[in-house]
Amino acid sequence: MTLNCKFDIILPMVITIGNIIRGVSMESSRKNVSKEVIIETTLKLIEEKEGIKDVNLRAIAKKIGCSHANLYNYFNSLDEIFWESLGQTLLIMIDYCEGNLSCENNPEENLYLLLANLVDFSISHPGWYRLIWLESIGGSPSFEVVEKLHTPGEKLKKLIIKASNNNLSKEKSNLIYDILHSYLHGELCKWINNRSFINNIAETKTRIFSNLKYLYRLLIKEEFTI
């Protein structure tokens, strides 16, 4: 089976935190501080600085236009802000990756579309990817954030089962997910940390996606030929 769309066509335009947070546009206001504005501002700073380094309460407050002490009216600590920002990033990522899954009668093609979107999102937002997978955050996430942490993986595992026409067991789907994710994470870490030998973004996205697709087909072929 081949993907009907070219890779550079199926990828939607890169989202920005200013115009999409769960589909709602929010503008930071000097006169209106809220949890949502604090999270939005934090994500903008993480995007700009490509990580949480140099993102602190004073930097967040300065960008909003308020006193850093005012942030304690909404969050107990900077770590809590980071955890909540991570949870929001996952929701943005899910919306982005599922945004153009329209092949209801072709779940395998939907899987390829989602993987392509995931590659595009991760490479286009290195700061957010670091926040999700690489940054050390103190304290503990809330129950709601923990649920969000599990959501992307569970969605992808279910889509893998659907792509096999429901022939895969949950155990086998988990195994395929782990292998695909491990490969993807390794490639993204090389790119984000400037350890990749390919400097062209479009070429890198295409190569990673093609390898994911090839790896998935090998794993499926092995599963049904044993």
# chains A, B, ... in the order shown; residues from 1 in each chain; ligands from 1
>>> closest_atom_pairs(of="segment 58-142 of chain A", to="segment 147-158 of chain A", cutoff="12 Å", atoms="only C-alpha atoms", output="JSON lines")
{"residue": "A:Trp83", "atom": "CA", "partner": "A:Leu149", "partner_atom": "CA", "distance": 10.3}
{"residue": "A:Glu84", "atom": "CA", "partner": "A:Lys148", "partner_atom": "CA", "distance": 10.0}
{"residue": "A:Ser85", "atom": "CA", "partner": "A:Lys148", "partner_atom": "CA", "distance": 11.2}
{"residue": "A:Leu86", "atom": "CA", "partner": "A:Leu149", "partner_atom": "CA", "distance": 8.6}
{"residue": "A:Gly87", "atom": "CA", "partner": "A:Lys148", "partner_atom": "CA", "distance": 5.9}
{"residue": "A:Gln88", "atom": "CA", "partner": "A:Lys148", "partner_atom": "CA", "distance": 8.4}
{"residue": "A:Thr89", "atom": "CA", "partner": "A:Lys148", "partner_atom": "CA", "distance": 9.5}
{"residue": "A:Leu90", "atom": "CA", "partner": "A:Lys148", "partner_atom": "CA", "distance": 6.7}
{"residue": "A:Leu91", "atom": "CA", "partner": "A:Lys148", "partner_atom": "CA", "distance": 7.4}
{"residue": "A:Ile92", "atom": "CA", "partner": "A:Pro152", "partner_atom": "CA", "distance": 10.9}
{"residue": "A:Met93", "atom": "CA", "partner": "A:Pro152", "partner_atom": "CA", "distance": 8.5}
{"residue": "A:Ile94", "atom": "CA", "partner": "A:Pro152", "partner_atom": "CA", "distance": 6.6}
{"residue": "A:Asp95", "atom": "CA", "partner": "A:Pro152", "partner_atom": "CA", "distance": 10.3}
{"residue": "A:Tyr96", "atom": "CA", "partner": "A:Pro152", "partner_atom": "CA", "distance": 11.6}
{"residue": "A:Cys97", "atom": "CA", "partner": "A:Pro152", "partner_atom": "CA", "distance": 9.7}
{"residue": "A:Glu98", "atom": "CA", "partner": "A:Lys155", "partner_atom": "CA", "distance": 10.0}
{"residue": "A:Pro107", "atom": "CA", "partner": "A:Lys158", "partner_atom": "CA", "distance": 10.4}
{"residue": "A:Glu108", "atom": "CA", "partner": "A:Lys158", "partner_atom": "CA", "distance": 11.6}
{"residue": "A:Asn110", "atom": "CA", "partner": "A:Leu156", "partner_atom": "CA", "distance": 10.5}
{"residue": "A:Leu111", "atom": "CA", "partner": "A:Leu156", "partner_atom": "CA", "distance": 7.9}
{"residue": "A:Tyr112", "atom": "CA", "partner": "A:Leu156", "partner_atom": "CA", "distance": 10.8}
{"residue": "A:Leu113", "atom": "CA", "partner": "A:Leu156", "partner_atom": "CA", "distance": 11.5}
{"residue": "A:Leu114", "atom": "CA", "partner": "A:Leu156", "partner_atom": "CA", "distance": 8.4}
{"residue": "A:Leu115", "atom": "CA", "partner": "A:Leu156", "partner_atom": "CA", "distance": 8.9}
{"residue": "A:Leu118", "atom": "CA", "partner": "A:Pro152", "partner_atom": "CA", "distance": 10.3}
{"residue": "A:Leu131", "atom": "CA", "partner": "A:Leu149", "partner_atom": "CA", "distance": 11.9}
{"residue": "A:Ile132", "atom": "CA", "partner": "A:Leu149", "partner_atom": "CA", "distance": 8.7}
{"residue": "A:Trp133", "atom": "CA", "partner": "A:Leu149", "partner_atom": "CA", "distance": 10.3}
{"residue": "A:Pro141", "atom": "CA", "partner": "A:Leu149", "partner_atom": "CA", "distance": 9.6}
{"residue": "A:Ser142", "atom": "CA", "partner": "A:Glu147", "partner_atom": "CA", "distance": 8.7}
>>> residues_around(residues="Trp191 of chain A", least_positions_apart="2", cutoff="12 Å", atoms="only C-alpha atoms", output="NGL selection string")
:A and (119 or 122-126 or 129-130 or 184-189 or 193-201 or 203-205 or 208)
>>> atom_distance(atom1="atom CA of Tyr216 of chain A", atom2="atom CA of Lys172 of chain A")
12.0 Å
>>> closest_residue(among="A:Ile220, A:Trp128, A:Ser77, A:Ile161", to="Glu47 of chain A", atoms="only C-alpha atoms")
A:Trp128
>>> atom_distance(atom1="atom CA of Arg217 of chain A", atom2="atom CA of Leu134 of chain A")
28.7 Å
>>> select_by_dssp(residues="segment 137-183 of chain A", states="helix (DSSP H, G or I)", output="JSON, numbers by chain")
{"A": [143, 144, 145, 146, 147, 148, 149, 150, 151, 152, 153, 154, 155, 156, 157, 158, 159, 160, 161, 162, 163, 170, 171, 172, 173, 174, 175, 176, 177, 178, 179, 180, 181, 182, 183]}
>>> write_last_selection(atoms="N, CA, C and O atoms", output="compact mmCIF listing (two decimals), in the first residue's frame")
# COMPACT_ATOMS: atom_id res chain seq x y z
N PHE A 143 -2.39 14.88 38.51
CA PHE A 143 -3.05 13.71 37.94
C PHE A 143 -3.48 13.99 36.51
O PHE A 143 -3.37 13.12 35.63
N GLU A 144 -3.96 15.21 36.26
CA GLU A 144 -4.41 15.57 34.92
C GLU A 144 -3.26 15.54 33.92
O GLU A 144 -3.41 15.08 32.78
N VAL A 145 -2.08 16.03 34.34
CA VAL A 145 -0.93 16.02 33.44
C VAL A 145 -0.45 14.59 33.19
O VAL A 145 -0.08 14.24 32.07
N VAL A 146 -0.49 13.75 34.22
CA VAL A 146 -0.09 12.35 34.06
C VAL A 146 -0.97 11.68 33.01
O VAL A 146 -0.49 10.92 32.15
N GLU A 147 -2.27 11.95 33.05
CA GLU A 147 -3.18 11.39 32.05
C GLU A 147 -2.81 11.86 30.64
O GLU A 147 -2.83 11.08 29.69
N LYS A 148 -2.45 13.14 30.53
CA LYS A 148 -2.07 13.68 29.22
C LYS A 148 -0.77 13.05 28.73
O LYS A 148 -0.58 12.86 27.52
N LEU A 149 0.13 12.71 29.65
CA LEU A 149 1.39 12.07 29.28
C LEU A 149 1.16 10.72 28.61
O LEU A 149 1.91 10.32 27.71
N HIS A 150 0.13 10.02 29.03
CA HIS A 150 -0.15 8.69 28.48
C HIS A 150 -0.98 8.74 27.19
O HIS A 150 -0.97 7.78 26.41
N THR A 151 -1.68 9.84 26.97
CA THR A 151 -2.64 9.91 25.87
C THR A 151 -2.04 9.71 24.48
O THR A 151 -2.56 8.90 23.69
N PRO A 152 -0.95 10.42 24.10
CA PRO A 152 -0.42 10.25 22.73
C PRO A 152 -0.03 8.81 22.42
O PRO A 152 -0.35 8.30 21.34
N GLY A 153 0.66 8.16 23.35
CA GLY A 153 1.08 6.78 23.12
C GLY A 153 -0.09 5.84 22.97
O GLY A 153 -0.08 4.96 22.09
N GLU A 154 -1.10 6.01 23.81
CA GLU A 154 -2.27 5.13 23.73
C GLU A 154 -3.02 5.32 22.41
O GLU A 154 -3.50 4.35 21.82
N LYS A 155 -3.10 6.55 21.95
CA LYS A 155 -3.77 6.81 20.67
C LYS A 155 -3.01 6.15 19.52
O LYS A 155 -3.62 5.56 18.62
N LEU A 156 -1.69 6.25 19.55
CA LEU A 156 -0.89 5.66 18.47
C LEU A 156 -0.97 4.14 18.50
O LEU A 156 -1.06 3.49 17.44
N LYS A 157 -0.98 3.54 19.68
CA LYS A 157 -1.09 2.08 19.78
C LYS A 157 -2.41 1.59 19.20
O LYS A 157 -2.46 0.58 18.50
N LYS A 158 -3.49 2.31 19.49
CA LYS A 158 -4.80 1.93 18.96
C LYS A 158 -4.82 2.06 17.44
O LYS A 158 -5.43 1.24 16.74
N LEU A 159 -4.16 3.10 16.93
CA LEU A 159 -4.13 3.29 15.48
C LEU A 159 -3.30 2.21 14.80
O LEU A 159 -3.62 1.78 13.68
N ILE A 160 -2.26 1.74 15.47
CA ILE A 160 -1.46 0.63 14.93
C ILE A 160 -2.31 -0.63 14.80
O ILE A 160 -2.23 -1.36 13.81
N ILE A 161 -3.15 -0.88 15.80
CA ILE A 161 -4.04 -2.05 15.74
C ILE A 161 -5.04 -1.89 14.59
O ILE A 161 -5.28 -2.84 13.83
N LYS A 162 -5.61 -0.70 14.44
CA LYS A 162 -6.56 -0.46 13.35
C LYS A 162 -5.88 -0.63 11.99
O LYS A 162 -6.48 -1.15 11.05
N ALA A 163 -4.63 -0.16 11.89
CA ALA A 163 -3.90 -0.25 10.62
C ALA A 163 -3.66 -1.70 10.21
O ALA A 163 -3.47 -1.99 9.03
N LYS A 170 -2.92 -6.50 21.53
CA LYS A 170 -2.47 -5.31 22.25
C LYS A 170 -1.00 -5.42 22.59
O LYS A 170 -0.25 -4.43 22.50
N GLU A 171 -0.56 -6.62 22.92
CA GLU A 171 0.85 -6.84 23.26
C GLU A 171 1.75 -6.56 22.06
O GLU A 171 2.79 -5.89 22.19
N LYS A 172 1.37 -7.05 20.88
CA LYS A 172 2.17 -6.83 19.68
C LYS A 172 2.13 -5.36 19.26
O LYS A 172 3.14 -4.81 18.79
N SER A 173 0.99 -4.73 19.44
CA SER A 173 0.89 -3.31 19.12
C SER A 173 1.82 -2.49 20.01
O SER A 173 2.49 -1.56 19.55
N ASN A 174 1.87 -2.84 21.29
CA ASN A 174 2.76 -2.15 22.22
C ASN A 174 4.22 -2.31 21.80
O ASN A 174 5.02 -1.36 21.89
N LEU A 175 4.58 -3.52 21.34
CA LEU A 175 5.95 -3.78 20.91
C LEU A 175 6.31 -2.94 19.69
O LEU A 175 7.39 -2.32 19.64
N ILE A 176 5.42 -2.91 18.71
CA ILE A 176 5.67 -2.13 17.50
C ILE A 176 5.76 -0.65 17.84
O ILE A 176 6.63 0.07 17.33
N TYR A 177 4.88 -0.20 18.72
CA TYR A 177 4.93 1.21 19.16
C TYR A 177 6.27 1.53 19.80
O TYR A 177 6.89 2.56 19.50
N ASP A 178 6.74 0.67 20.68
CA ASP A 178 8.01 0.90 21.38
C ASP A 178 9.17 1.00 20.40
O ASP A 178 10.05 1.87 20.54
N ILE A 179 9.18 0.14 19.40
CA ILE A 179 10.27 0.14 18.42
C ILE A 179 10.22 1.40 17.56
O ILE A 179 11.24 2.06 17.33
N LEU A 180 9.02 1.75 17.07
CA LEU A 180 8.88 2.95 16.25
C LEU A 180 9.25 4.20 17.04
O LEU A 180 9.96 5.08 16.54
N HIS A 181 8.76 4.27 18.27
CA HIS A 181 9.04 5.46 19.08
C HIS A 181 10.52 5.56 19.42
O HIS A 181 11.09 6.66 19.42
N SER A 182 11.15 4.44 19.72
CA SER A 182 12.58 4.47 20.06
C SER A 182 13.41 4.97 18.88
O SER A 182 14.34 5.78 19.05
N TYR A 183 13.08 4.50 17.67
CA TYR A 183 13.79 4.98 16.49
C TYR A 183 13.55 6.48 16.30
O TYR A 183 14.49 7.26 16.09
>>> atom_distance(atom1="atom CA of Leu215 of chain A", atom2="atom CA of Gly99 of chain A")
23.8 Å
